[in-house]
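The structure file model19.txt is reproduced below (compact mmCIF, C-alpha atoms and all ligand atoms).
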```txt
# COMPACT_ATOMS: atom_id res chain seq x y z
CA MET A 1 -13.30 -0.85 -17.46
CA ASN A 2 -9.67 0.20 -17.21
CA SER A 3 -8.56 1.26 -20.70
CA LEU A 4 -5.21 2.53 -19.53
CA LEU A 5 -2.25 0.47 -20.69
CA PRO A 6 1.23 1.34 -19.43
CA ILE A 7 3.75 2.69 -21.91
CA LEU A 8 7.22 1.54 -21.05
CA HIS A 9 9.41 4.34 -22.35
CA GLN A 10 9.08 8.04 -21.77
CA ARG A 11 9.98 8.70 -25.41
CA ASP A 12 6.87 6.75 -26.53
CA CYS A 13 4.43 8.73 -24.41
CA PRO A 14 1.71 10.12 -26.64
CA LEU A 15 1.07 13.84 -26.73
CA LEU A 16 -2.31 15.24 -25.77
CA ASP A 17 -4.86 14.33 -28.39
CA LYS A 18 -8.34 15.86 -28.52
CA THR A 19 -9.85 12.93 -30.42
CA LYS A 20 -8.57 10.42 -27.87
CA ILE A 21 -9.85 12.43 -24.92
CA GLU A 22 -13.27 12.87 -26.52
CA GLN A 23 -13.37 9.18 -27.40
CA GLU A 24 -12.67 8.22 -23.79
CA LEU A 25 -15.33 10.65 -22.54
CA ARG A 26 -17.84 9.11 -24.94
CA SER A 27 -16.90 5.56 -24.06
CA GLN A 28 -17.39 6.38 -20.36
CA LYS A 29 -20.84 7.83 -21.25
CA PHE A 30 -20.00 11.35 -20.12
CA ASN A 31 -23.10 13.25 -21.10
CA VAL A 32 -22.27 16.80 -20.08
CA LYS A 33 -21.93 19.46 -22.80
CA TYR A 34 -18.39 20.78 -22.86
CA SER A 35 -15.76 22.63 -24.90
CA LEU A 36 -12.24 21.29 -24.82
CA PHE A 37 -9.16 23.42 -25.51
CA LEU A 38 -5.81 21.74 -26.01
CA THR A 39 -2.71 23.81 -26.31
CA SER A 40 1.00 23.26 -26.53
CA THR A 41 2.33 26.13 -24.42
CA ILE A 42 0.35 28.50 -22.26
CA ASN A 43 1.10 30.75 -19.31
CA SER A 44 -1.38 28.98 -17.03
CA THR A 45 -4.46 26.93 -17.88
CA ASN A 46 -6.27 28.57 -14.94
CA SER A 47 -5.42 32.06 -16.23
CA PHE A 48 -6.61 31.09 -19.71
CA LEU A 49 -10.03 30.09 -18.37
CA GLN A 50 -10.24 33.21 -16.22
CA GLU A 51 -9.98 35.36 -19.31
CA LEU A 52 -12.75 33.58 -21.24
CA GLU A 53 -16.12 35.18 -21.79
CA PRO A 54 -18.73 33.72 -19.39
CA CYS A 55 -20.27 30.61 -20.85
CA SER A 56 -22.89 28.32 -19.38
CA GLU A 57 -21.29 25.05 -20.46
CA LEU A 58 -18.29 23.31 -19.01
CA VAL A 59 -14.97 24.45 -20.48
CA VAL A 60 -11.81 22.36 -20.09
CA CYS A 61 -8.28 23.45 -20.96
CA LEU A 62 -5.24 21.16 -21.07
CA ALA A 63 -1.70 22.15 -21.92
CA GLU A 64 1.50 20.28 -22.70
CA GLN A 65 3.43 22.94 -20.83
CA GLN A 66 2.81 26.01 -18.66
CA THR A 67 5.26 28.89 -18.53
CA HIS A 68 3.66 30.44 -15.44
CA GLY A 69 1.88 27.54 -13.77
CA ARG A 70 0.41 28.79 -10.52
CA GLY A 71 0.09 26.99 -7.21
CA ARG A 72 -1.63 28.08 -4.01
CA PHE A 73 -0.48 31.35 -2.45
CA ASN A 74 0.81 32.34 -5.89
CA ARG A 75 3.61 29.81 -5.83
CA TYR A 76 5.19 28.53 -9.00
CA TRP A 77 3.95 25.19 -10.37
CA HIS A 78 6.67 23.36 -12.27
CA SER A 79 5.13 22.37 -15.63
CA PRO A 80 7.61 20.67 -18.00
CA PHE A 81 6.53 19.89 -21.59
CA GLY A 82 4.64 16.73 -22.52
CA GLN A 83 4.97 14.89 -19.22
CA ASN A 84 2.22 15.74 -16.79
CA ILE A 85 -1.37 16.85 -16.62
CA TYR A 86 -2.09 20.56 -16.36
CA CYS A 87 -5.83 20.67 -16.53
CA SER A 88 -8.26 23.45 -15.69
CA SER A 89 -12.00 23.22 -15.93
CA ARG A 90 -14.52 26.04 -15.60
CA TRP A 91 -17.92 25.15 -14.17
CA HIS A 92 -20.94 27.43 -14.25
CA LEU A 93 -22.78 27.04 -10.96
CA LYS A 94 -25.87 28.43 -9.30
CA GLY A 95 -26.53 29.02 -5.63
CA SER A 96 -24.74 30.58 -2.71
CA LEU A 97 -20.97 30.98 -2.67
CA LYS A 98 -21.06 29.80 0.95
CA LYS A 99 -21.90 26.34 -0.36
CA LEU A 100 -18.37 26.07 -1.73
CA SER A 101 -16.63 25.78 1.65
CA GLY A 102 -14.67 22.54 1.51
CA LEU A 103 -14.61 22.32 -2.28
CA SER A 104 -10.81 21.93 -2.38
CA LEU A 105 -11.15 18.80 -0.25
CA VAL A 106 -13.81 17.38 -2.54
CA VAL A 107 -11.59 18.05 -5.55
CA SER A 108 -8.73 16.12 -3.90
CA LEU A 109 -11.13 13.25 -3.25
CA ALA A 110 -12.26 13.32 -6.89
CA VAL A 111 -8.65 13.02 -8.05
CA LEU A 112 -8.00 10.28 -5.52
CA ALA A 113 -11.06 8.28 -6.62
CA MET A 114 -10.03 8.52 -10.27
CA LEU A 115 -6.46 7.41 -9.49
CA ARG A 116 -7.65 4.54 -7.31
CA GLU A 117 -9.88 3.31 -10.11
CA LEU A 118 -7.08 3.36 -12.67
CA PHE A 119 -4.28 2.28 -10.30
CA PRO A 120 -5.85 0.15 -7.58
CA ASN A 121 -2.50 -1.15 -6.33
CA ILE A 122 -0.95 2.08 -5.19
CA ASN A 123 -1.57 3.48 -1.76
CA LEU A 124 -2.51 7.13 -2.00
CA ASN A 125 -3.61 9.66 0.60
CA VAL A 126 -4.99 13.14 0.79
CA LYS A 127 -3.45 15.95 2.78
CA TRP A 128 -5.42 18.98 3.88
CA PRO A 129 -6.34 21.11 2.10
CA ASN A 130 -5.57 20.16 -1.48
CA ASP A 131 -2.85 17.56 -1.98
CA VAL A 132 -2.84 13.97 -3.13
CA LEU A 133 0.22 12.17 -1.79
CA TYR A 134 2.09 8.93 -2.25
CA ASN A 135 4.33 7.96 0.61
CA GLY A 136 4.42 11.52 1.93
CA LYS A 137 5.33 12.94 -1.48
CA LYS A 138 3.15 15.26 -3.49
CA LEU A 139 1.64 13.72 -6.62
CA CYS A 140 -1.12 16.23 -7.29
CA GLY A 141 -2.25 19.69 -6.21
CA SER A 142 -5.27 21.77 -7.09
CA LEU A 143 -5.96 25.46 -7.34
CA ILE A 144 -9.56 26.66 -7.14
CA GLU A 145 -10.58 30.12 -8.24
CA VAL A 146 -14.07 31.62 -8.13
CA ILE A 147 -15.41 34.18 -10.62
CA PRO A 148 -18.59 35.87 -9.40
CA SER A 149 -21.06 36.46 -12.22
CA SER A 150 -21.61 40.00 -13.40
CA ASN A 151 -25.10 39.18 -14.69
CA GLY A 152 -27.11 38.00 -11.78
CA GLU A 153 -27.08 37.10 -8.12
CA GLY A 154 -26.51 33.52 -7.16
CA LYS A 155 -24.52 32.55 -10.25
CA PHE A 156 -20.79 32.14 -10.47
CA ASP A 157 -18.08 30.20 -12.20
CA VAL A 158 -15.54 28.02 -10.50
CA ILE A 159 -12.20 27.20 -12.08
CA ILE A 160 -10.64 24.00 -10.87
CA GLY A 161 -6.98 23.67 -11.85
CA ILE A 162 -5.28 20.34 -11.37
CA GLY A 163 -1.58 19.62 -11.64
CA LEU A 164 -0.95 15.87 -11.67
CA ASN A 165 2.56 14.50 -12.09
CA VAL A 166 2.26 11.61 -14.52
CA ASN A 167 5.30 10.75 -16.63
CA SER A 168 8.01 13.01 -15.28
CA ASP A 169 11.06 11.79 -13.43
CA THR A 170 10.86 14.09 -10.42
CA ALA A 171 14.49 13.40 -9.53
CA GLU A 172 15.18 15.85 -12.36
CA TYR A 173 12.99 18.57 -10.87
CA PRO A 174 14.57 21.72 -9.49
CA LEU A 175 15.05 21.60 -5.74
CA GLU A 176 11.71 22.42 -4.17
CA ILE A 177 10.52 22.84 -0.63
CA LYS A 178 8.26 19.85 -0.89
CA PRO A 179 9.17 16.33 -1.92
CA TRP A 180 7.38 15.49 -5.15
CA CYS A 181 6.57 12.30 -7.00
CA SER A 182 4.90 11.16 -10.21
CA LEU A 183 3.11 8.03 -11.41
CA PHE A 184 6.30 7.25 -13.34
CA ASP A 185 8.36 7.46 -10.12
CA ILE A 186 5.93 5.14 -8.37
CA MET A 187 5.44 2.52 -11.08
CA GLY A 188 8.44 2.89 -13.38
CA GLU A 189 6.09 3.12 -16.37
CA CYS A 190 4.50 5.88 -18.37
CA PHE A 191 0.80 6.30 -18.96
CA ASP A 192 -1.44 7.88 -21.56
CA ARG A 193 -2.40 11.31 -20.22
CA ASN A 194 -5.38 11.43 -22.58
CA ILE A 195 -7.17 8.64 -20.74
CA ILE A 196 -6.26 10.01 -17.32
CA SER A 197 -7.41 13.52 -18.28
CA ALA A 198 -10.77 12.27 -19.51
CA ARG A 199 -11.29 10.23 -16.34
CA LEU A 200 -10.29 13.25 -14.26
CA VAL A 201 -13.00 15.43 -15.83
CA ILE A 202 -15.58 12.68 -15.29
CA SER A 203 -14.61 12.22 -11.66
CA LEU A 204 -14.67 15.99 -11.02
CA ASN A 205 -18.14 16.19 -12.52
CA ASN A 206 -19.40 13.33 -10.32
CA TYR A 207 -17.90 14.72 -7.14
CA LEU A 208 -18.99 18.29 -7.86
CA ASN A 209 -22.58 17.18 -8.43
CA ARG A 210 -22.67 15.20 -5.21
CA PHE A 211 -21.10 18.11 -3.33
CA LEU A 212 -23.60 20.64 -4.65
CA GLN A 213 -26.50 18.35 -3.89
CA HIS A 214 -25.53 17.05 -0.47
CA GLY A 215 -22.77 19.29 0.87
CA LEU A 216 -19.48 18.34 2.47
CA GLY A 217 -21.13 16.12 5.11
CA GLU A 218 -21.41 13.43 2.45
CA PHE A 219 -17.58 13.27 2.16
CA ILE A 220 -16.36 13.49 5.74
CA ASP A 221 -15.92 9.72 6.21
CA GLU A 222 -14.23 9.38 2.84
CA TRP A 223 -11.87 12.21 3.75
CA ASN A 224 -11.06 10.79 7.18
CA GLN A 225 -10.22 7.40 5.71
CA ALA A 226 -7.80 8.87 3.20
CA ASP A 227 -6.38 11.66 5.38
CA CYS A 228 -2.66 11.24 6.13
CA LEU A 229 -2.62 13.93 8.86
CA ASN A 230 -5.26 12.52 11.17
CA ASN A 231 -3.95 11.89 14.71
CA ASN A 232 -0.47 13.08 13.79
CA LYS A 233 1.53 15.89 15.34
CA ILE A 234 1.62 18.62 12.74
CA THR A 235 2.41 22.27 12.22
CA VAL A 236 0.15 24.56 10.24
CA SER A 237 1.63 27.76 8.88
CA HIS A 238 -0.27 30.62 7.36
CA GLN A 239 1.36 33.91 6.46
CA LYS A 240 3.50 34.69 9.50
CA THR A 241 1.78 32.49 12.05
CA THR A 242 2.35 28.86 12.87
CA LEU A 243 0.37 26.57 15.13
CA SER A 244 1.29 23.08 16.23
CA GLY A 245 -0.75 20.25 17.64
CA ILE A 246 -2.58 17.05 16.83
CA ALA A 247 -4.63 16.93 13.64
CA CYS A 248 -8.19 15.88 14.49
CA GLY A 249 -9.85 15.66 11.08
CA ILE A 250 -12.09 18.25 9.46
CA ASN A 251 -15.32 19.94 10.48
CA GLU A 252 -18.50 20.33 8.41
CA LEU A 253 -17.03 23.39 6.62
CA GLY A 254 -13.85 21.56 5.68
CA PHE A 255 -11.74 23.44 8.24
CA LEU A 256 -8.84 21.55 9.77
CA MET A 257 -9.32 20.73 13.45
CA LEU A 258 -6.11 21.06 15.40
CA LYS A 259 -5.76 20.38 19.12
CA ASP A 260 -2.86 22.38 20.56
CA ASP A 261 -0.60 21.31 23.44
CA LEU A 262 -2.97 22.92 25.97
CA GLY A 263 -5.86 20.88 24.63
CA VAL A 264 -7.53 23.84 22.91
CA MET A 265 -9.21 22.96 19.61
CA HIS A 266 -8.61 25.31 16.66
CA CYS A 267 -10.55 25.30 13.38
CA LEU A 268 -8.29 26.45 10.55
CA SER A 269 -9.58 27.57 7.19
CA SER A 270 -6.28 28.01 5.37
CA GLY A 271 -2.58 27.19 5.61
CA ASP A 272 0.19 24.73 4.83
CA THR A 273 0.53 21.58 6.84
CA THR A 274 3.72 19.71 7.72
CA PHE A 275 4.42 16.78 9.97
CA GLN A 276 6.16 17.94 13.16
CA GLY A 277 9.85 17.35 13.24
CA LEU A 278 10.03 17.34 9.46
CA SER A 279 10.95 20.41 7.51
CA LYS A 280 8.99 19.21 4.46
C1 LIG B 301 -0.87 23.68 -5.41
O1 LIG B 301 -0.74 22.57 -4.93
O2 LIG B 301 -0.27 24.66 -4.95
C2 LIG B 301 -1.82 23.87 -6.57
C3 LIG B 301 -1.19 23.52 -7.87
C4 LIG B 301 -2.14 23.68 -9.06
C5 LIG B 301 -1.44 23.57 -10.37
C6 LIG B 301 -2.41 23.50 -11.53
S1 LIG B 301 -1.63 23.04 -13.03
C7 LIG B 301 -3.08 23.42 -13.91
C8 LIG B 301 -3.62 24.70 -13.30
N1 LIG B 301 -3.00 25.85 -13.90
C9 LIG B 301 -2.27 26.54 -13.02
O3 LIG B 301 -1.61 27.56 -13.28
N2 LIG B 301 -2.33 25.96 -11.84
C10 LIG B 301 -3.17 24.78 -11.85
```
Represent the structure of the file as structure tokens.
Ligand code: BTN
Amino acid sequence: MNSLLPILHQRDCPLLDKTKIEQELRSQKFNVKYSLFLTSTINSTNSFLQELEPCSELVVCLAEQQTHGRGRFNRYWHSPFGQNIYCSSRWHLKGSLKKLSGLSLVVSLAVLAMLRELFPNINLNVKWPNDVLYNGKKLCGSLIEVIPSSNGEGKFDVIIGIGLNVNSDTAEYPLEIKPWCSLFDIMGECFDRNIISARLVISLNNYLNRFLQHGLGEFIDEWNQADCLNNNKITVSHQKTTLSGIACGINELGFLMLKDDLGVMHCLSSGDTTFQGLSK
């Protein structure tokens, strides 16, 4: 059931509220043991979880504001107070680190599934490797960090940091390289971040379990259907190299398949993707 009612004015948007989040988790029958940290201002929710002592249960941290929000490649993640979701979760996993190839794609799909359930009327896509987009504009990004365990082979923690623009008016954002958007920009209404955050954790848990059990193969069709790059002319840049060609989906490791102008297929494990002819 969709318990998310729109709030019409930004000034009426509720702050993060532990009781509300826990209530929503209970009402959705989330039966995983967890600790939840809510904080007003923090440097970065991912950094906070990195510094925690190892713990075998799920730990989630949400902040109203980040002073040093981090994006991929150490970029800055704009994190204004009380508007968006800055959520990191730390999962204690067992097995081989190799099994994690493609996790960033699965995380994007988990966010997408949650948003589609709450907002079935908006048309969202994913963009390799970690973005959720609306109309070519970035709504959500994720940053995944792995902490190998010091006490035993085959155990490690994964921190999944999600930045989801909810109630901000991105026209007020500082000029960025990428075009951004928020749920507020899309729908002209504000939403309760407590409900969305709870649903996000539930969706991450579901997707992570499926991924660990079945691998990325299970998600390839879902990715291809939501992928905005597929069959488009794109450029991929990584450090000082760029490569252009036609995006041809992903392989079983989650690498981007790119066919260059000579017809040679490349499998790329990292980089930034842009549509050709566009600077953004
Ligand atoms: C990206 O698209 O470059 C990834 C952005 C990830 C931002 C989130 S906000 C919550 C968590 N804490 C951080 O410092 N970063 C992630």
Nearest to ligand LIG 301 (chain B): which of A:Phe30, A:Phe119, A:Tyr134, A:Trp180 is it, counting all atoms listed in the file?
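Result for the nearest residue to ligand LIG 301 (chain B): A:Trp180.
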Just want the residues within 8 Å of ligand LIG 301 (chain B), written as a PyMOL selection string, counting all atoms listed in the file.
chain A and resi 43-47+62+66+68-77+79+85-88+130-131+140-143+160-164
Residues just named, written with C-alpha atoms as a CSV table (one decimal), keeping the file's coordinate frame:
```csv
chain,number,residue,atom,x,y,z
A,43,ASN,CA,1.1,30.8,-19.3
A,44,SER,CA,-1.4,29.0,-17.0
A,45,THR,CA,-4.5,26.9,-17.9
A,46,ASN,CA,-6.3,28.6,-14.9
A,47,SER,CA,-5.4,32.1,-16.2
A,62,LEU,CA,-5.2,21.2,-21.1
A,66,GLN,CA,2.8,26.0,-18.7
A,68,HIS,CA,3.7,30.4,-15.4
A,69,GLY,CA,1.9,27.5,-13.8
A,70,ARG,CA,0.4,28.8,-10.5
A,71,GLY,CA,0.1,27.0,-7.2
A,72,ARG,CA,-1.6,28.1,-4.0
A,73,PHE,CA,-0.5,31.4,-2.4
A,74,ASN,CA,0.8,32.3,-5.9
A,75,ARG,CA,3.6,29.8,-5.8
A,76,TYR,CA,5.2,28.5,-9.0
A,77,TRP,CA,4.0,25.2,-10.4
A,79,SER,CA,5.1,22.4,-15.6
A,85,ILE,CA,-1.4,16.8,-16.6
A,86,TYR,CA,-2.1,20.6,-16.4
A,87,CYS,CA,-5.8,20.7,-16.5
A,88,SER,CA,-8.3,23.4,-15.7
A,130,ASN,CA,-5.6,20.2,-1.5
A,131,ASP,CA,-2.8,17.6,-2.0
A,140,CYS,CA,-1.1,16.2,-7.3
A,141,GLY,CA,-2.2,19.7,-6.2
A,142,SER,CA,-5.3,21.8,-7.1
A,143,LEU,CA,-6.0,25.5,-7.3
A,160,ILE,CA,-10.6,24.0,-10.9
A,161,GLY,CA,-7.0,23.7,-11.8
A,162,ILE,CA,-5.3,20.3,-11.4
A,163,GLY,CA,-1.6,19.6,-11.6
A,164,LEU,CA,-1.0,15.9,-11.7
```
Which residue is closest to Ile7 in chain A? Choose from A:Asn205, A:Thr274, A:Cys267, A:Gly188 and count all atoms listed in the file.
A:Gly188
Of the candidates A:Gln10, A:Asn206, A:Thr170, A:Ser89, which shows the shortest atom-to-atom distance to Leu139 in chain A, using only C-alpha atoms?
A:Thr170
What does the distance between CA of Leu109 in chain A and CA of Leu212 in chain A come to in Å, to one decimal place?
14.6 Å
In Å to one decimal, how far is CA of Pro6 in chain A from CA of Leu118 in chain A?
10.9 Å
Using all atoms listed in the file, the best pick from A:Val106, A:Ala63, A:Leu133, A:Leu58 as closest to Arg193 in chain A would be A:Ala63
In Å, rounded to a single decimal, give me how far CA of Asp227 in chain A is from CA of Glu252 in chain A.
15.2 Å
Can you tell me, as a list in words, what residues are no more than 12 Å from Glu172 in chain A when counting only C-alpha atoms, ignoring any on the same chain fewer than 5 positions away?
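Close residues of Glu172 in chain A: His78, Pro80, Asn167, Trp180, Cys181, Ser182 and Asp185 of chain A.
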A:Ser203, A:Ser244, A:Ser197, A:Thr235: which is nearest Ser108 in chain A, counting only C-alpha atoms?
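Comparing A:Ser203, A:Ser244, A:Ser197, A:Thr235 against Ser108 in chain A, the winner is A:Ser203.
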Tell me which protein, DNA and RNA residues are within 9 Å of Gly102 in chain A, counting only C-alpha atoms, leaving out same-chain ones fewer than 4 positions away, and put them as a PDB file with C-alpha atoms, keeping the file's coordinate frame.
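Result file follows (result32.pdb):
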```
ATOM      1  CA  VAL A 106     -13.810  17.380  -2.540  1.00  0.00           C
ATOM      2  CA  VAL A 107     -11.590  18.050  -5.550  1.00  0.00           C
ATOM      3  CA  PRO A 129      -6.340  21.110   2.100  1.00  0.00           C
ATOM      4  CA  GLY A 215     -22.770  19.290   0.870  1.00  0.00           C
ATOM      5  CA  LEU A 216     -19.480  18.340   2.470  1.00  0.00           C
ATOM      6  CA  GLU A 252     -18.500  20.330   8.410  1.00  0.00           C
ATOM      7  CA  LEU A 253     -17.030  23.390   6.620  1.00  0.00           C
ATOM      8  CA  GLY A 254     -13.850  21.560   5.680  1.00  0.00           C
ATOM      9  CA  PHE A 255     -11.740  23.440   8.240  1.00  0.00           C
TER      10      PHE A 255
END
```
Which polymer residues, protein or nucleic acid, are no farther than 6 Å from (-10.9, 28.4, -19.0), counting all atoms listed in the file, as a PyMOL selection string?
chain A and resi 48-50+52+59+61+90
